[in-house]
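Participant: Got a structure for you, questions after.
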Amino acid sequence: MSLDELRERLSAVDTELVKLIAERQTIVAEVSAHKIKTGTPTRDYEREREVLNGVRRHSVELGLDPDVVASIMELLIRSSLTQQEQFRISAESGGAGKRALVIGGAGKMGAWLADFLRSQEFELQIADPVVSADGRYEQIQDWHDSPLDHDLIVVATPIKVTANILVELAERRPSGLILDVGSLKTPLKESLYRLVAAGCKVTSIHPMFGPDTRLLSGRRIIFVDVGAPDATEEAHKLFASTMVERVDVSLEEHDRLMGYILGLSHALNLAFFTVLARSDELMSHLKQFSSTTFDAQLGVASRVAGDNPHLYYEIQALNEYGGAPLEALVSATQQVRDLVASGDEKGFVALMEQGHRYLESEEE
């Protein structure tokens with residue numbers, strides 16, 4: 001056969017693959033409907049293992065790379081789970097007949113929350129001085145112009161702005177559930193407590209994922225009760241139909257942990273790309289020699305560098321618990337430098353072994 005004829009055969013196979021994927025998704029919709037009807041959980045890890053082990057065995061029998069085939073199947077499973085989760089959210093919606101206002105709804109996380117609430121059949125309104133690009137929802141520029149007669153009010157704005165909005169909400173005392181989605185909570189503490197004192201239904205959440213997230217399985221949302229447990233329970237119910245892991249934590253513990261989970265990890269990547277940017281090495285040249293470790297670190301650092309610098313600054317500057325992890329980072333970097341400079345291989349090995357033991361530990 002000629003090259004063109006071989007390519008035509010490949011195209012024909014590709015077309016059949018797409019048709020099979022479409023057929024698979026149709027069956028997934030039926031599976032989803034059955035699970036909802038019978039109360040069966042969306043995700044079945046044992047079934048996933050069976051499917052992946054099965055395709056691996058079949059791949060070997062056919063002379064294929066089992067890792068490649070398993071990777072393709074994992075993508076299909078993830079797509080199926082996304083579809084099933086969306087079906088369940090819609091079917092078990094608690095938002096029908098209710099209205100929600102997302103203050104900051106034109107921002108990335110605000111837009112994600114608006115879409116999520118709309119999937120639960122909330123009637124959506126967003127308030128943002130920046131006009132939403134897609135125009136899917138009713139929008140006002142200034143939330144002050146709203147009568148605040150919504151069943152749910154979400155504040156998805158920068159941390160300092162959120163603190164001021166919460167204070168103003170306390171003065172107006174809306175009757176609906178109020179929640180913020182700030183990455184830090186201690187800077188909002190006084191504002192949140194003022195809402196509680198005003199008799200408002202208020203709680204605080206922190207989605208531990210980005211606005212490009214489609215599937216909530218394997219993701220986490222942190223819930224911070226600020227003294228209104230009924231409001232926190234109501235916020236939990238918003239996500240009850242999803243596969244997200246819901247974690248409850250106190251306000252102070254939240255920010256102490258974020259000092260490591262966000263502050264430290266951000267600082268590491270900031271340092272990494274700052275060192276590279278100040279070096280005389282061209283990125284294109286470095287990539288010609290890069291290792292798997294460098295590529296992995298570069299991928300994370302690139303995402304951090306492309307994110308919102310103002311948000312990252314707030315996470316570093318406003319966390320009253322953020323200083324200790326940064327000081328520890330400086331100390332650890334100096335220790336590595338000193339061990340190498342002094343030729344202390346034993347100390348260097350001990351440092352790596354200590355880290356390995358910690359990372360492998362399952363102790364709480």
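Following the order of the structure tokens, chains are lettered A, B, ..., residues in each are numbered from 1, and ligands are numbered from 1.
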So which residues touch His266 of chain A within 8 Å, counting only C-alpha atoms, skipping near sequence neighbours fewer than 4 positions away, as a list of chain:residue names?
Facilitator: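 With the cut-off at 8 Å, the set is A:Leu262, A:Leu270, A:Val304, A:Tyr312.
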Participant: Write out as a PyMOL selection string the residues lying within 8 Å of Phe122 of chain A, counting only C-alpha atoms and excluding same-chain residues fewer than 4 positions away.
Facilitator: chain A and resi 95-100+117-118
Participant: Just checking: using only C-alpha atoms, which residue out of A:Met208, A:Leu264, A:Val130, A:Ala29 ends up closest to Ile315 of chain A?
Facilitator: A:Leu264
Participant: Hey, what's within 8 Å of Ala198 of chain A if we count only C-alpha atoms and toss same-chain stuff fewer than 5 positions away? As a list in words, please?
Facilitator: Ala170, Glu171 and Arg173 of chain A
Participant: Hey, can you spit out that residue selection with C-alpha atoms as a PDB file, in the first residue's frame?
Facilitator:
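Okay, out-v5.pdb is ready:
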```pdb
ATOM      1  CA  ALA A 170     -23.333  42.116  58.310  1.00  0.00           C
ATOM      2  CA  GLU A 171     -24.794  45.611  58.295  1.00  0.00           C
ATOM      3  CA  ARG A 173     -28.258  41.246  57.364  1.00  0.00           C
TER       4      ARG A 173
END
```
Participant: Where in segment 22-226 of chain A does DSSP assign helix (DSSP H, G or I), given as a PyMOL selection string?
Facilitator: chain A and resi 22-38+45-61+66-91+108-119+143-145+159-172+186-197
Participant: Determine, counting only C-alpha atoms, which protein, DNA and RNA residues have an atom within 12 Å of an atom of Leu318 of chain A; residues of the same chain fewer than 2 positions away are not included. Present the result as a list of chain:residue names.
Facilitator: A:Pro158, A:Ile159, A:Lys160, A:Ala163, A:Gly182, A:Ser183, A:Leu184, A:Lys185, A:Thr186, A:Pro187, A:Leu188, A:Asp255, A:Arg256, A:Met258, A:Gly259, A:Gly263, A:His310, A:Leu311, A:Tyr312, A:Tyr313, A:Glu314, A:Ile315, A:Gln316, A:Glu320, A:Tyr321, A:Gly322, A:Gly323
Participant: Selected residues, C-alpha atoms, written as a short mmCIF file (atom, residue, chain, number, x, y, z; two decimals), in the first residue's frame, please.
Facilitator:
```cif
data_model
loop_
_atom_site.label_atom_id
_atom_site.label_comp_id
_atom_site.auth_asym_id
_atom_site.auth_seq_id
_atom_site.Cartn_x
_atom_site.Cartn_y
_atom_site.Cartn_z
CA PRO A 158 -9.64 38.91 46.74
CA ILE A 159 -9.13 38.38 50.47
CA LYS A 160 -8.93 42.06 51.50
CA ALA A 163 -13.21 41.15 54.39
CA GLY A 182 -11.05 32.69 50.49
CA SER A 183 -7.69 30.91 50.49
CA LEU A 184 -7.04 32.28 53.99
CA LYS A 185 -9.46 32.65 56.88
CA THR A 186 -7.73 34.54 59.70
CA PRO A 187 -7.80 37.84 57.73
CA LEU A 188 -11.57 37.34 57.49
CA ASP A 255 -4.40 28.93 58.03
CA ARG A 256 -1.64 27.11 59.91
CA MET A 258 -2.17 26.60 54.46
CA GLY A 259 1.20 28.02 55.52
CA GLY A 263 2.65 29.20 51.28
CA HIS A 310 -1.89 39.29 43.48
CA LEU A 311 -3.58 36.20 44.93
CA TYR A 312 -0.19 34.58 45.56
CA TYR A 313 1.02 37.70 47.31
CA GLU A 314 -2.04 37.74 49.55
CA ILE A 315 -1.48 34.09 50.47
CA GLN A 316 2.09 34.92 51.53
CA GLU A 320 -0.29 35.13 60.24
CA TYR A 321 0.99 31.54 60.30
CA GLY A 322 2.96 31.86 57.06
CA GLY A 323 6.25 33.13 58.45
#
```
